[in-house]
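Structure file work10.cif; described as mmCIF, C-alpha atoms.
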```
data_target
#
loop_
_atom_site.group_PDB
_atom_site.id
_atom_site.type_symbol
_atom_site.label_atom_id
_atom_site.label_comp_id
_atom_site.auth_asym_id
_atom_site.auth_seq_id
_atom_site.Cartn_x
_atom_site.Cartn_y
_atom_site.Cartn_z
ATOM 1 C CA MET P 17 0.000 0.000 0.000
ATOM 2 C CA LEU P 18 2.842 2.328 0.769
ATOM 3 C CA VAL P 19 4.297 1.682 -2.675
ATOM 4 C CA ALA P 20 0.921 2.315 -4.327
ATOM 5 C CA LEU P 21 0.388 5.481 -2.302
ATOM 6 C CA ALA P 22 3.849 6.749 -3.202
ATOM 7 C CA ALA P 23 3.167 6.043 -6.873
ATOM 8 C CA LEU P 24 -0.165 7.884 -6.644
ATOM 9 C CA VAL P 25 1.425 10.896 -4.997
ATOM 10 C CA SER P 26 4.210 10.869 -7.567
ATOM 11 C CA GLY P 27 1.692 10.663 -10.394
ATOM 12 C CA ILE P 28 -0.306 13.563 -9.000
ATOM 13 C CA GLY P 29 2.885 15.620 -8.696
ATOM 14 C CA ILE P 30 3.925 14.859 -12.265
ATOM 15 C CA PHE P 31 0.430 15.739 -13.537
ATOM 16 C CA ALA P 32 0.413 18.991 -11.557
ATOM 17 C CA LEU P 33 3.852 19.914 -12.881
ATOM 18 C CA ALA P 34 2.812 19.141 -16.442
ATOM 19 C CA SER P 35 -0.391 21.157 -16.039
ATOM 20 C CA SER P 36 1.601 24.076 -14.619
ATOM 21 C CA ARG P 37 3.984 23.995 -17.557
ATOM 22 C CA GLN P 38 1.052 23.840 -19.980
ATOM 23 C CA ARG P 39 -0.469 26.890 -18.323
ATOM 24 C CA GLU P 40 2.854 28.721 -18.616
ATOM 25 C CA VAL P 41 3.170 27.794 -22.296
ATOM 26 C CA PHE P 42 -0.442 28.820 -22.945
ATOM 27 C CA SER P 43 0.075 32.109 -21.086
ATOM 28 C CA ASP P 44 3.233 32.818 -23.096
ATOM 29 C CA MET P 45 1.325 32.089 -26.307
ATOM 30 C CA LEU P 46 -1.431 34.521 -25.309
ATOM 31 C CA VAL P 47 1.118 37.240 -24.559
ATOM 32 C CA GLU P 48 2.925 36.637 -27.859
ATOM 33 C CA ASN P 49 -0.328 36.644 -29.845
ATOM 34 C CA ARG P 50 -1.390 39.875 -28.161
ATOM 35 C CA ARG P 51 1.975 41.432 -29.007
ATOM 36 C CA MET P 52 1.688 40.267 -32.622
ATOM 37 C CA ASN P 53 -1.829 41.691 -32.876
ATOM 38 C CA GLU P 54 -0.645 45.024 -31.480
ATOM 39 C CA ASP P 55 2.291 45.099 -33.933
ATOM 40 C CA LEU P 56 -0.044 44.244 -36.805
ATOM 41 C CA ALA P 57 -2.513 46.958 -35.781
ATOM 42 C CA GLU P 58 0.355 49.475 -35.589
ATOM 43 C CA LEU P 59 1.618 48.465 -39.036
ATOM 44 C CA LEU P 60 -1.880 48.741 -40.512
ATOM 45 C CA ALA P 61 -2.378 52.175 -38.920
ATOM 46 C CA HIS P 62 0.990 53.320 -40.292
ATOM 47 C CA ALA P 63 0.135 52.002 -43.764
ATOM 48 C CA GLU P 64 -3.229 53.770 -43.623
ATOM 49 C CA PHE P 65 -1.502 57.013 -42.567
ATOM 50 C CA LEU P 66 1.018 56.781 -45.422
ATOM 51 C CA ALA P 67 -1.772 56.162 -47.922
ATOM 52 C CA ALA P 68 -3.157 59.644 -47.204
ATOM 53 C CA HIS P 69 -0.068 61.565 -46.056
ATOM 54 C CA ASP P 70 3.268 62.661 -47.425
ATOM 55 C CA PRO P 71 6.010 60.623 -45.681
ATOM 56 C CA LEU P 72 8.466 63.548 -45.425
ATOM 57 C CA THR P 73 6.267 66.383 -44.166
ATOM 58 C CA GLY P 74 3.281 64.503 -42.712
ATOM 59 C CA LEU P 75 0.866 66.730 -44.642
ATOM 60 C CA PHE P 76 -1.944 65.251 -46.704
ATOM 61 C CA ASN P 77 -0.871 63.990 -50.130
ATOM 62 C CA ARG P 78 -2.367 64.563 -53.575
ATOM 63 C CA ARG P 79 -4.237 61.248 -53.525
ATOM 64 C CA ALA P 80 -6.031 62.167 -50.306
ATOM 65 C CA LEU P 81 -7.012 65.563 -51.708
ATOM 66 C CA PHE P 82 -8.636 64.164 -54.832
ATOM 67 C CA ASP P 83 -9.780 60.679 -53.801
ATOM 68 C CA ASP P 84 -11.019 61.505 -50.304
ATOM 69 C CA ASP P 85 -12.415 64.960 -51.222
ATOM 70 C CA LEU P 86 -11.002 66.675 -48.142
ATOM 71 C CA THR P 87 -12.862 69.880 -48.987
ATOM 72 C CA ALA P 88 -16.166 68.152 -48.170
ATOM 73 C CA MET P 89 -15.365 68.667 -44.460
ATOM 74 C CA ALA P 90 -15.615 72.454 -44.829
ATOM 75 C CA GLY P 91 -18.288 74.220 -42.838
ATOM 76 C CA ASN P 92 -18.534 77.149 -45.270
ATOM 77 C CA SER P 93 -19.799 76.918 -48.829
ATOM 78 C CA GLN P 94 -16.948 79.176 -49.971
ATOM 79 C CA MET P 95 -13.330 78.364 -49.219
ATOM 80 C CA HIS P 96 -9.999 79.693 -50.441
ATOM 81 C CA MET P 97 -7.042 77.832 -51.879
ATOM 82 C CA LEU P 98 -3.393 78.852 -51.815
ATOM 83 C CA LEU P 99 -0.983 77.203 -54.238
ATOM 84 C CA ILE P 100 2.570 77.563 -52.895
ATOM 85 C CA ASP P 101 5.691 76.910 -54.941
ATOM 86 C CA LEU P 102 9.161 77.342 -53.417
ATOM 87 C CA ASP P 103 11.295 79.593 -55.602
ATOM 88 C CA HIS P 104 14.553 78.293 -57.126
ATOM 89 C CA PHE P 105 14.193 74.993 -55.280
ATOM 90 C CA LYS P 106 16.264 73.062 -57.837
ATOM 91 C CA SER P 107 19.112 75.526 -57.357
ATOM 92 C CA LEU P 108 18.812 75.061 -53.602
ATOM 93 C CA ASN P 109 19.214 71.292 -53.986
ATOM 94 C CA ASP P 110 22.049 71.640 -56.487
ATOM 95 C CA SER P 111 23.947 74.195 -54.403
ATOM 96 C CA TYR P 112 23.500 72.827 -50.878
ATOM 97 C CA GLY P 113 22.412 69.199 -51.322
ATOM 98 C CA HIS P 114 19.167 67.285 -50.932
ATOM 99 C CA GLU P 115 19.454 67.212 -47.140
ATOM 100 C CA ILE P 116 19.084 71.012 -47.075
ATOM 101 C CA GLY P 117 16.305 70.721 -49.643
ATOM 102 C CA ASP P 118 14.416 68.268 -47.409
ATOM 103 C CA ARG P 119 14.934 70.536 -44.399
ATOM 104 C CA ALA P 120 13.512 73.438 -46.405
ATOM 105 C CA LEU P 121 10.424 71.350 -47.213
ATOM 106 C CA LEU P 122 10.018 70.347 -43.556
ATOM 107 C CA LEU P 123 10.406 73.918 -42.316
ATOM 108 C CA THR P 124 7.923 75.125 -44.936
ATOM 109 C CA SER P 125 5.385 72.520 -43.823
ATOM 110 C CA ASN P 126 5.930 73.555 -40.190
ATOM 111 C CA SER P 127 5.361 77.208 -41.129
ATOM 112 C CA ILE P 128 2.128 76.218 -42.856
ATOM 113 C CA ARG P 129 0.965 74.252 -39.790
ATOM 114 C CA ASP P 130 1.754 77.172 -37.485
ATOM 115 C CA ALA P 131 -0.164 79.552 -39.755
ATOM 116 C CA LEU P 132 -3.174 77.215 -39.900
ATOM 117 C CA ARG P 133 -3.240 76.830 -36.115
ATOM 118 C CA GLY P 134 -3.316 80.600 -35.769
ATOM 119 C CA HIS P 135 -6.118 81.120 -38.277
ATOM 120 C CA GLY P 136 -8.933 80.092 -35.968
ATOM 121 C CA ASP P 137 -11.765 77.609 -36.262
ATOM 122 C CA GLY P 138 -12.583 75.807 -39.489
ATOM 123 C CA SER P 139 -11.668 72.703 -41.448
ATOM 124 C CA HIS P 140 -8.411 74.139 -42.756
ATOM 125 C CA PHE P 141 -5.820 71.729 -44.135
ATOM 126 C CA ALA P 142 -2.612 71.574 -46.170
ATOM 127 C CA VAL P 143 -1.363 69.227 -48.876
ATOM 128 C CA ARG P 144 2.050 68.513 -50.302
ATOM 129 C CA LEU P 145 1.203 68.117 -53.969
ATOM 130 C CA GLY P 146 4.690 66.907 -54.866
ATOM 131 C CA GLY P 147 8.220 68.251 -55.086
ATOM 132 C CA GLU P 148 8.310 71.813 -53.781
ATOM 133 C CA GLU P 149 4.599 72.490 -54.346
ATOM 134 C CA PHE P 150 2.017 72.794 -51.559
ATOM 135 C CA ALA P 151 -1.677 73.607 -51.385
ATOM 136 C CA VAL P 152 -3.500 75.163 -48.441
ATOM 137 C CA PHE P 153 -7.288 75.180 -48.135
ATOM 138 C CA LEU P 154 -8.842 77.670 -45.754
ATOM 139 C CA ASP P 155 -12.411 77.101 -44.613
ATOM 140 C CA ASP P 156 -12.887 80.867 -44.618
ATOM 141 C CA PRO P 157 -15.039 82.962 -47.004
ATOM 142 C CA ASP P 158 -13.391 86.266 -45.981
ATOM 143 C CA GLU P 159 -11.080 87.115 -48.896
ATOM 144 C CA GLU P 160 -9.215 89.884 -47.094
ATOM 145 C CA ARG P 161 -8.490 87.732 -44.053
ATOM 146 C CA VAL P 162 -7.238 84.970 -46.344
ATOM 147 C CA ALA P 163 -5.095 87.430 -48.317
ATOM 148 C CA LEU P 164 -3.474 88.571 -45.061
ATOM 149 C CA PHE P 165 -2.855 84.909 -44.154
ATOM 150 C CA ALA P 166 -1.149 84.387 -47.524
ATOM 151 C CA GLU P 167 1.066 87.472 -47.147
ATOM 152 C CA ASP P 168 2.104 86.462 -43.626
ATOM 153 C CA LEU P 169 2.907 82.930 -44.788
ATOM 154 C CA CYS P 170 4.943 84.290 -47.698
ATOM 155 C CA GLN P 171 7.009 86.351 -45.238
ATOM 156 C CA ALA P 172 7.454 83.370 -42.897
ATOM 157 C CA ILE P 173 8.830 81.229 -45.743
ATOM 158 C CA ALA P 174 11.151 84.052 -46.807
ATOM 159 C CA ALA P 175 12.639 84.000 -43.295
ATOM 160 C CA LEU P 176 13.506 80.290 -43.386
ATOM 161 C CA HIS P 177 17.022 80.969 -44.669
ATOM 162 C CA ASP P 178 17.927 81.812 -41.063
ATOM 163 C CA PRO P 179 17.193 78.370 -39.490
ATOM 164 C CA LEU P 180 18.563 76.756 -42.667
ATOM 165 C CA GLU P 181 21.770 78.786 -42.183
ATOM 166 C CA LEU P 182 21.765 79.861 -45.813
ATOM 167 C CA PRO P 183 23.457 83.051 -47.016
ATOM 168 C CA ARG P 184 20.464 84.072 -49.115
ATOM 169 C CA ALA P 185 16.748 84.201 -48.474
ATOM 170 C CA THR P 186 14.355 81.404 -49.289
ATOM 171 C CA SER P 187 11.062 82.446 -50.832
ATOM 172 C CA ALA P 188 7.801 81.222 -52.310
ATOM 173 C CA SER P 189 5.395 82.298 -54.997
ATOM 174 C CA ILE P 190 1.771 81.951 -53.922
ATOM 175 C CA GLY P 191 -1.384 81.887 -56.015
ATOM 176 C CA LEU P 192 -4.678 82.555 -54.238
ATOM 177 C CA THR P 193 -8.168 81.775 -55.492
ATOM 178 C CA GLN P 194 -11.677 80.988 -54.262
ATOM 179 C CA HIS P 195 -13.086 77.469 -54.098
ATOM 180 C CA GLN P 196 -16.780 76.739 -53.900
ATOM 181 C CA LYS P 197 -17.603 73.640 -51.870
ATOM 182 C CA GLY P 198 -18.478 70.841 -54.289
ATOM 183 C CA ALA P 199 -16.859 72.589 -57.280
ATOM 184 C CA SER P 200 -14.192 71.003 -59.462
ATOM 185 C CA LEU P 201 -10.847 70.826 -57.703
ATOM 186 C CA ASP P 202 -9.104 70.692 -61.078
ATOM 187 C CA GLN P 203 -10.568 74.045 -62.105
ATOM 188 C CA THR P 204 -9.730 75.619 -58.749
ATOM 189 C CA MET P 205 -6.155 74.383 -58.974
ATOM 190 C CA ARG P 206 -5.883 75.656 -62.540
ATOM 191 C CA ARG P 207 -6.887 79.161 -61.433
ATOM 192 C CA ALA P 208 -4.504 79.038 -58.466
ATOM 193 C CA ASP P 209 -1.737 77.805 -60.751
ATOM 194 C CA GLU P 210 -2.265 80.750 -63.111
ATOM 195 C CA ALA P 211 -2.097 83.177 -60.180
ATOM 196 C CA MET P 212 1.037 81.472 -58.857
ATOM 197 C CA TYR P 213 2.813 81.820 -62.213
ATOM 198 C CA ARG P 214 1.851 85.484 -62.251
ATOM 199 C CA ALA P 215 3.598 85.768 -58.897
ATOM 200 C CA LYS P 216 6.714 84.181 -60.383
ATOM 201 C CA ALA P 217 6.554 86.426 -63.440
ATOM 202 C CA GLY P 218 6.198 89.435 -61.148
ATOM 203 C CA GLY P 219 9.493 88.722 -59.397
ATOM 204 C CA ARG P 220 8.715 85.793 -57.044
ATOM 205 C CA ASN P 221 8.405 85.991 -53.243
ATOM 206 C CA ARG P 222 4.882 87.413 -53.498
ATOM 207 C CA VAL P 223 1.174 86.588 -53.534
ATOM 208 C CA ARG P 224 -1.082 86.986 -56.534
ATOM 209 C CA ARG P 225 -4.868 86.552 -56.582
ATOM 210 C CA THR P 226 -7.130 85.564 -59.375
ATOM 211 C CA ASP P 227 -9.817 88.116 -60.237
ATOM 212 C CA ARG P 228 -7.546 90.967 -59.057
ATOM 213 C CA VAL P 229 -5.403 93.373 -61.081
ATOM 214 C CA ASP P 230 -1.757 93.456 -60.030
ATOM 215 C CA ARG P 231 -0.633 96.710 -58.485
#
```

Structure rendered as structure tokens:
Amino acid sequence: MLVALAALVSGIGIFALASSRQREVFSDMLVENRRMNEDLAELLAHAEFLAAHDPLTGLFNRRALFDDDLTAMAGNSQMHMLLIDLDHFKSLNDSYGHEIGDRALLLTSNSIRDALRGHGDGSHFAVRLGGEEFAVFLDDPDEERVALFAEDLCQAIAALHDPLELPRATSASIGLTQHQKGASLDQTMRRADEAMYRAKAGGRNRVRRTDRVDR
């Protein structure tokens, strides 16, 4: 009986040890699966962010502007669009390298964000269209307020040579036009593009509006 009892106790101990190890393995598997699910969710969120945002500046990209119709979020029926093109950007890259060029793009995007934060309520947003070209949409029907915003932003970009430690000023040519909610983005961008090229033809580092005579 003593032998049988000892065998029973030993068997119970072995079973308990095996069950404990199984629980540990199962617990480790749960932790690992949870970690994998969290990593997968983070990767999916990052992929979703990159699908709608420019990877360098973090601003919305062209695809988001046209495919997601970002202007539909506007609270006003009339908005304004600024088309911003950095002046002599190719020369900047050629003279100082692409690292300085990327820093100029980042600083420009930061200046745009700061300006948007200071413009008050509304579904304002900015887009990097590609290269050195940006678009800003202001959910604001007040043309004079928007024109002041554009002039201030133009001056802020012109001052970026200081943090870039460049011997000459950076600058941007800005075209400003109205955009009616639900209207064709292509037509709005075409008008803004025409105004922007008028700014370049007028000497760069300035704002030009559609429907206004240059002074």

Open item on the list: Which residues, named as in the file, does the PyMOL selection byres ((chain P and resi 125) around 12) pick out? Answer as a PyMOL selection string.
Closed with: chain P and resi 70+72-76+100-102+118-124+126-132+141-145+148-152+169+172-173+176

Export of the given selection (C-alpha atoms) as a PDB file, keeping the file's coordinate frame:
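again25.pdb written:
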```pdb
ATOM      1  CA  ASP P  70       3.268  62.661 -47.425  1.00  0.00           C
ATOM      2  CA  LEU P  72       8.466  63.548 -45.425  1.00  0.00           C
ATOM      3  CA  THR P  73       6.267  66.383 -44.166  1.00  0.00           C
ATOM      4  CA  GLY P  74       3.281  64.503 -42.712  1.00  0.00           C
ATOM      5  CA  LEU P  75       0.866  66.730 -44.642  1.00  0.00           C
ATOM      6  CA  PHE P  76      -1.944  65.251 -46.704  1.00  0.00           C
ATOM      7  CA  ILE P 100       2.570  77.563 -52.895  1.00  0.00           C
ATOM      8  CA  ASP P 101       5.691  76.910 -54.941  1.00  0.00           C
ATOM      9  CA  LEU P 102       9.161  77.342 -53.417  1.00  0.00           C
ATOM     10  CA  ASP P 118      14.416  68.268 -47.409  1.00  0.00           C
ATOM     11  CA  ARG P 119      14.934  70.536 -44.399  1.00  0.00           C
ATOM     12  CA  ALA P 120      13.512  73.438 -46.405  1.00  0.00           C
ATOM     13  CA  LEU P 121      10.424  71.350 -47.213  1.00  0.00           C
ATOM     14  CA  LEU P 122      10.018  70.347 -43.556  1.00  0.00           C
ATOM     15  CA  LEU P 123      10.406  73.918 -42.316  1.00  0.00           C
ATOM     16  CA  THR P 124       7.923  75.125 -44.936  1.00  0.00           C
ATOM     17  CA  ASN P 126       5.930  73.555 -40.190  1.00  0.00           C
ATOM     18  CA  SER P 127       5.361  77.208 -41.129  1.00  0.00           C
ATOM     19  CA  ILE P 128       2.128  76.218 -42.856  1.00  0.00           C
ATOM     20  CA  ARG P 129       0.965  74.252 -39.790  1.00  0.00           C
ATOM     21  CA  ASP P 130       1.754  77.172 -37.485  1.00  0.00           C
ATOM     22  CA  ALA P 131      -0.164  79.552 -39.755  1.00  0.00           C
ATOM     23  CA  LEU P 132      -3.174  77.215 -39.900  1.00  0.00           C
ATOM     24  CA  PHE P 141      -5.820  71.729 -44.135  1.00  0.00           C
ATOM     25  CA  ALA P 142      -2.612  71.574 -46.170  1.00  0.00           C
ATOM     26  CA  VAL P 143      -1.363  69.227 -48.876  1.00  0.00           C
ATOM     27  CA  ARG P 144       2.050  68.513 -50.302  1.00  0.00           C
ATOM     28  CA  LEU P 145       1.203  68.117 -53.969  1.00  0.00           C
ATOM     29  CA  GLU P 148       8.310  71.813 -53.781  1.00  0.00           C
ATOM     30  CA  GLU P 149       4.599  72.490 -54.346  1.00  0.00           C
ATOM     31  CA  PHE P 150       2.017  72.794 -51.559  1.00  0.00           C
ATOM     32  CA  ALA P 151      -1.677  73.607 -51.385  1.00  0.00           C
ATOM     33  CA  VAL P 152      -3.500  75.163 -48.441  1.00  0.00           C
ATOM     34  CA  LEU P 169       2.907  82.930 -44.788  1.00  0.00           C
ATOM     35  CA  ALA P 172       7.454  83.370 -42.897  1.00  0.00           C
ATOM     36  CA  ILE P 173       8.830  81.229 -45.743  1.00  0.00           C
ATOM     37  CA  LEU P 176      13.506  80.290 -43.386  1.00  0.00           C
TER      38      LEU P 176
END
```

Open item on the list: Selection in question (the file shown): the PyMOL selection byres ((chain P and resi 105) around 12). Which residues does it include, as a PyMOL selection string?
Closed with: chain P and resi 101-104+106-114+116-121+147-149+185-189

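Put simply, atom CA of P:Gly91 is 14.7 Å away from atom CA of P:His135.
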
- [ ] Determine the nearest neighbour of P:Asn77 from the options P:Gly134, P:Gly191, P:Gly146, P:Pro179, counting all atoms listed in the file.
- [x] P:Gly146

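The space between atom CA of P:Leu99 and atom CA of P:Met205 spans 7.6 Å.
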
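Of the listed residues P:Val162, P:Ala90, P:Val223, P:Met97, the one whose atoms come nearest to P:Thr204 is P:Met97, with distances taken using all atoms listed in the file.
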
Just give me the residues with any atom within 10 Å of (-19.2, 82.3, -49.6), file coordinates, counting only C-alpha atoms, written as a compact mmCIF listing (two decimals) with C-alpha atoms, in the frame of the given file.
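Output contents, as saved in point-v8.txt:
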```
# COMPACT_ATOMS: atom_id res chain seq x y z
CA ASN P 92 -18.53 77.15 -45.27
CA SER P 93 -19.80 76.92 -48.83
CA GLN P 94 -16.95 79.18 -49.97
CA MET P 95 -13.33 78.36 -49.22
CA HIS P 96 -10.00 79.69 -50.44
CA ASP P 155 -12.41 77.10 -44.61
CA ASP P 156 -12.89 80.87 -44.62
CA PRO P 157 -15.04 82.96 -47.00
CA ASP P 158 -13.39 86.27 -45.98
CA GLU P 159 -11.08 87.12 -48.90
CA GLN P 194 -11.68 80.99 -54.26
CA HIS P 195 -13.09 77.47 -54.10
CA GLN P 196 -16.78 76.74 -53.90
CA LYS P 197 -17.60 73.64 -51.87
```
